[in-house]
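Structure file upload_1.pdb (PDB, C-alpha atoms) follows.
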```
ATOM      1  CA  MET A 136      32.062  19.586  37.368  1.00  0.00           C
ATOM      2  CA  PRO A 137      35.505  19.288  35.696  1.00  0.00           C
ATOM      3  CA  ARG A 138      37.838  22.255  35.745  1.00  0.00           C
ATOM      4  CA  ALA A 139      40.035  22.976  32.745  1.00  0.00           C
ATOM      5  CA  SER A 140      43.435  24.451  33.336  1.00  0.00           C
ATOM      6  CA  ALA A 141      44.651  27.406  31.290  1.00  0.00           C
ATOM      7  CA  ARG A 142      47.785  25.454  30.413  1.00  0.00           C
ATOM      8  CA  GLY A 143      45.717  22.578  29.010  1.00  0.00           C
ATOM      9  CA  ALA A 144      43.511  24.917  27.002  1.00  0.00           C
ATOM     10  CA  LEU A 145      46.499  26.727  25.509  1.00  0.00           C
ATOM     11  CA  ALA A 146      48.289  23.489  24.676  1.00  0.00           C
ATOM     12  CA  ALA A 147      45.413  22.556  22.346  1.00  0.00           C
ATOM     13  CA  LEU A 148      45.750  25.726  20.252  1.00  0.00           C
ATOM     14  CA  ASP A 149      47.402  25.747  16.859  1.00  0.00           C
ATOM     15  CA  VAL A 150      50.020  28.452  16.418  1.00  0.00           C
ATOM     16  CA  ASP A 151      50.817  29.977  13.052  1.00  0.00           C
ATOM     17  CA  ARG A 152      53.750  32.317  12.597  1.00  0.00           C
ATOM     18  CA  PHE A 153      53.851  35.025   9.967  1.00  0.00           C
ATOM     19  CA  VAL A 154      55.878  38.089   9.125  1.00  0.00           C
ATOM     20  CA  PHE A 155      54.256  41.294  10.353  1.00  0.00           C
ATOM     21  CA  GLY A 156      56.479  43.996   8.949  1.00  0.00           C
ATOM     22  CA  PRO A 157      56.330  47.768   9.191  1.00  0.00           C
ATOM     23  CA  GLY A 158      53.241  49.071   7.385  1.00  0.00           C
ATOM     24  CA  ASP A 159      51.458  45.691   7.496  1.00  0.00           C
ATOM     25  CA  MET A 160      47.914  45.561   8.851  1.00  0.00           C
ATOM     26  CA  LEU A 161      46.139  42.752  10.653  1.00  0.00           C
ATOM     27  CA  VAL A 162      42.332  42.642  10.444  1.00  0.00           C
ATOM     28  CA  LEU A 163      40.631  40.805  13.302  1.00  0.00           C
ATOM     29  CA  TYR A 164      36.895  40.185  13.088  1.00  0.00           C
ATOM     30  CA  THR A 165      34.043  38.263  14.638  1.00  0.00           C
ATOM     31  CA  ASP A 166      31.846  35.774  12.839  1.00  0.00           C
ATOM     32  CA  GLY A 167      29.130  38.427  12.634  1.00  0.00           C
ATOM     33  CA  VAL A 168      31.175  40.110   9.896  1.00  0.00           C
ATOM     34  CA  ILE A 169      31.820  37.139   7.601  1.00  0.00           C
ATOM     35  CA  GLU A 170      28.437  35.547   8.276  1.00  0.00           C
ATOM     36  CA  ALA A 171      26.520  38.744   7.470  1.00  0.00           C
ATOM     37  CA  ARG A 172      24.183  37.984   4.591  1.00  0.00           C
ATOM     38  CA  SER A 173      22.959  40.024   1.677  1.00  0.00           C
ATOM     39  CA  PRO A 174      19.212  40.164   1.001  1.00  0.00           C
ATOM     40  CA  ALA A 175      19.880  37.324  -1.512  1.00  0.00           C
ATOM     41  CA  GLY A 176      21.470  35.230   1.264  1.00  0.00           C
ATOM     42  CA  ASP A 177      25.138  35.578   0.250  1.00  0.00           C
ATOM     43  CA  PHE A 178      27.785  35.770   2.991  1.00  0.00           C
ATOM     44  CA  TYR A 179      29.934  38.905   3.177  1.00  0.00           C
ATOM     45  CA  PRO A 180      33.222  38.138   1.345  1.00  0.00           C
ATOM     46  CA  LEU A 181      35.545  40.116   3.632  1.00  0.00           C
ATOM     47  CA  ALA A 182      38.902  38.937   2.231  1.00  0.00           C
ATOM     48  CA  GLU A 183      37.834  39.435  -1.368  1.00  0.00           C
ATOM     49  CA  ARG A 184      36.416  42.898  -0.653  1.00  0.00           C
ATOM     50  CA  VAL A 185      39.401  44.144   1.355  1.00  0.00           C
ATOM     51  CA  ALA A 186      41.726  43.051  -1.457  1.00  0.00           C
ATOM     52  CA  THR A 187      39.934  45.475  -3.800  1.00  0.00           C
ATOM     53  CA  PHE A 188      39.981  48.493  -1.470  1.00  0.00           C
ATOM     54  CA  PRO A 189      42.618  51.192  -2.007  1.00  0.00           C
ATOM     55  CA  ALA A 190      45.500  51.311   0.466  1.00  0.00           C
ATOM     56  CA  ALA A 191      44.531  53.284   3.550  1.00  0.00           C
ATOM     57  CA  ASP A 192      45.279  53.803   7.211  1.00  0.00           C
ATOM     58  CA  PRO A 193      43.474  51.523   9.719  1.00  0.00           C
ATOM     59  CA  GLY A 194      40.719  54.043  10.507  1.00  0.00           C
ATOM     60  CA  THR A 195      39.901  54.634   6.859  1.00  0.00           C
ATOM     61  CA  LEU A 196      39.961  50.903   6.136  1.00  0.00           C
ATOM     62  CA  LEU A 197      37.630  50.264   9.090  1.00  0.00           C
ATOM     63  CA  ARG A 198      35.149  52.882   7.861  1.00  0.00           C
ATOM     64  CA  HIS A 199      35.342  51.480   4.321  1.00  0.00           C
ATOM     65  CA  ILE A 200      34.614  47.930   5.525  1.00  0.00           C
ATOM     66  CA  HIS A 201      31.778  49.198   7.734  1.00  0.00           C
ATOM     67  CA  ARG A 202      30.075  51.058   4.866  1.00  0.00           C
ATOM     68  CA  ASP A 203      30.609  48.117   2.496  1.00  0.00           C
ATOM     69  CA  LEU A 204      29.263  45.619   5.032  1.00  0.00           C
ATOM     70  CA  LEU A 205      26.108  47.674   5.564  1.00  0.00           C
ATOM     71  CA  ALA A 206      25.648  48.065   1.800  1.00  0.00           C
ATOM     72  CA  HIS A 207      26.047  44.283   1.400  1.00  0.00           C
ATOM     73  CA  THR A 208      23.393  43.550   4.035  1.00  0.00           C
ATOM     74  CA  GLY A 209      20.944  46.279   3.032  1.00  0.00           C
ATOM     75  CA  ASP A 210      21.728  48.189   6.254  1.00  0.00           C
ATOM     76  CA  HIS A 211      20.640  45.284   8.445  1.00  0.00           C
ATOM     77  CA  LEU A 212      22.993  43.140  10.527  1.00  0.00           C
ATOM     78  CA  ALA A 213      21.312  40.108  12.074  1.00  0.00           C
ATOM     79  CA  ASP A 214      24.224  39.516  14.494  1.00  0.00           C
ATOM     80  CA  ASP A 215      26.750  41.632  16.330  1.00  0.00           C
ATOM     81  CA  ALA A 216      29.874  42.408  14.335  1.00  0.00           C
ATOM     82  CA  ALA A 217      33.260  43.590  15.554  1.00  0.00           C
ATOM     83  CA  LEU A 218      36.389  44.611  13.654  1.00  0.00           C
ATOM     84  CA  LEU A 219      39.823  45.548  14.951  1.00  0.00           C
ATOM     85  CA  ILE A 220      42.576  46.653  12.601  1.00  0.00           C
ATOM     86  CA  LEU A 221      46.177  46.794  13.793  1.00  0.00           C
ATOM     87  CA  GLU A 222      49.015  48.389  11.869  1.00  0.00           C
ATOM     88  CA  ARG A 223      52.689  47.867  12.592  1.00  0.00           C
ATOM     89  CA  LEU A 224      54.330  51.236  12.475  1.00  0.00           C
ATOM     90  CA  PRO A 225      57.804  51.761  11.028  1.00  0.00           C
ATOM     91  CA  GLU A 226      60.664  51.510  13.476  1.00  0.00           C
ATOM     92  CA  ALA A 227      61.521  54.859  15.024  1.00  0.00           C
ATOM     93  CA  PRO A 228      65.062  55.900  14.223  1.00  0.00           C
ATOM     94  CA  GLU A 229      67.493  55.724  17.121  1.00  0.00           C
ATOM     95  CA  THR A 230      68.204  59.109  18.625  1.00  0.00           C
ATOM     96  CA  ALA A 231      71.406  60.037  20.398  1.00  0.00           C
ATOM     97  CA  HIS A 232      71.028  61.072  24.016  1.00  0.00           C
TER      98      HIS A 232
END
```
Take the structure in this file and express it as structure tokens.
Amino acid sequence: MPRASARGALAALDVDRFVFGPGDMLVLYTDGVIEARSPAGDFYPLAERVATFPAADPGTLLRHIHRDLLAHTGDHLADDAALLILERLPEAPETAH
């Protein structure tokens, strides 16, 4: 049975760089979120929906997505779904010691 090295596995990954400034949020999700289907069979359009939500803190945004996802699916998820929302906080001002 072949053994893969961690270095080899990481070398095959694509790396994208982006600016993640103070106040920015990063939404991480599993396929169970974007593959959740409505009763009509439509996938959950996470990016489109989040773009229409009012600005909020990560906890409020998470609850909003959760409620919207359940409404989209008719309160039935066929797969597990996980969301993690990270927010970069503003830099703390330097204090003199």
Compute the distance from (51.3, 46.1, 18.3) to each atom, counting all atoms listed in the file, keep the residues with any atom at most 10 Å away, and return them as a compact mmCIF listing (two decimals) with C-alpha atoms, in the frame of the given file; use the coordinates of the file.
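Saved result, result.txt, follows:
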```txt
# COMPACT_ATOMS: atom_id res chain seq x y z
CA PHE A 155 54.26 41.29 10.35
CA LEU A 161 46.14 42.75 10.65
CA LEU A 221 46.18 46.79 13.79
CA GLU A 222 49.02 48.39 11.87
CA ARG A 223 52.69 47.87 12.59
CA LEU A 224 54.33 51.24 12.48
```
Selected residue, from A:Asp192, A:Asp159, A:Asp177, A:Asp149, that lies nearest to His207 in chain A when counting all atoms listed in the file: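 Ranked by minimum distance to His207 in chain A, first place goes to A:Asp177.
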Nearby residues (all atoms listed in the file) at most 10 Å from Phe178 in chain A, same-chain spacing under 4 positions excluded, as a ChimeraX atom specification: /A:168-174,207-208
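Using all atoms listed in the file, the nearest neighbour of Leu196 in chain A within the list A:Asp166, A:Arg152, A:Arg184, A:Ala216 is A:Arg184.
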Reference answer for the PyMOL selection byres ((chain A and resi 220) around 8), as a ChimeraX atom specification: /A:160-163,193-194,197,218-219,221-222
Point-to-point distance in Å for CA of His199 in chain A and CA of Gly158 in chain A: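 According to the coordinates, CA of Gly158 in chain A and CA of His199 in chain A are separated by 18.3 Å.
The two atoms in question, CA of Glu226 in chain A and CA of His201 in chain A, are spaced 29.5 Å apart.
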Please report, as AutoDock Vina command-line options, the centre and edge lengths in Å to one decimal of an axis-aligned box covering all listed atoms of range 211-227 of chain A with 5 Å per side.
```
--center_x 41.1 --center_y 47.2 --center_z 12.4 --size_x 50.9 --size_y 25.3 --size_z 17.9
```
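Coordinates place CA of Tyr179 in chain A at a distance of 9.3 Å from CA of Asp203 in chain A.
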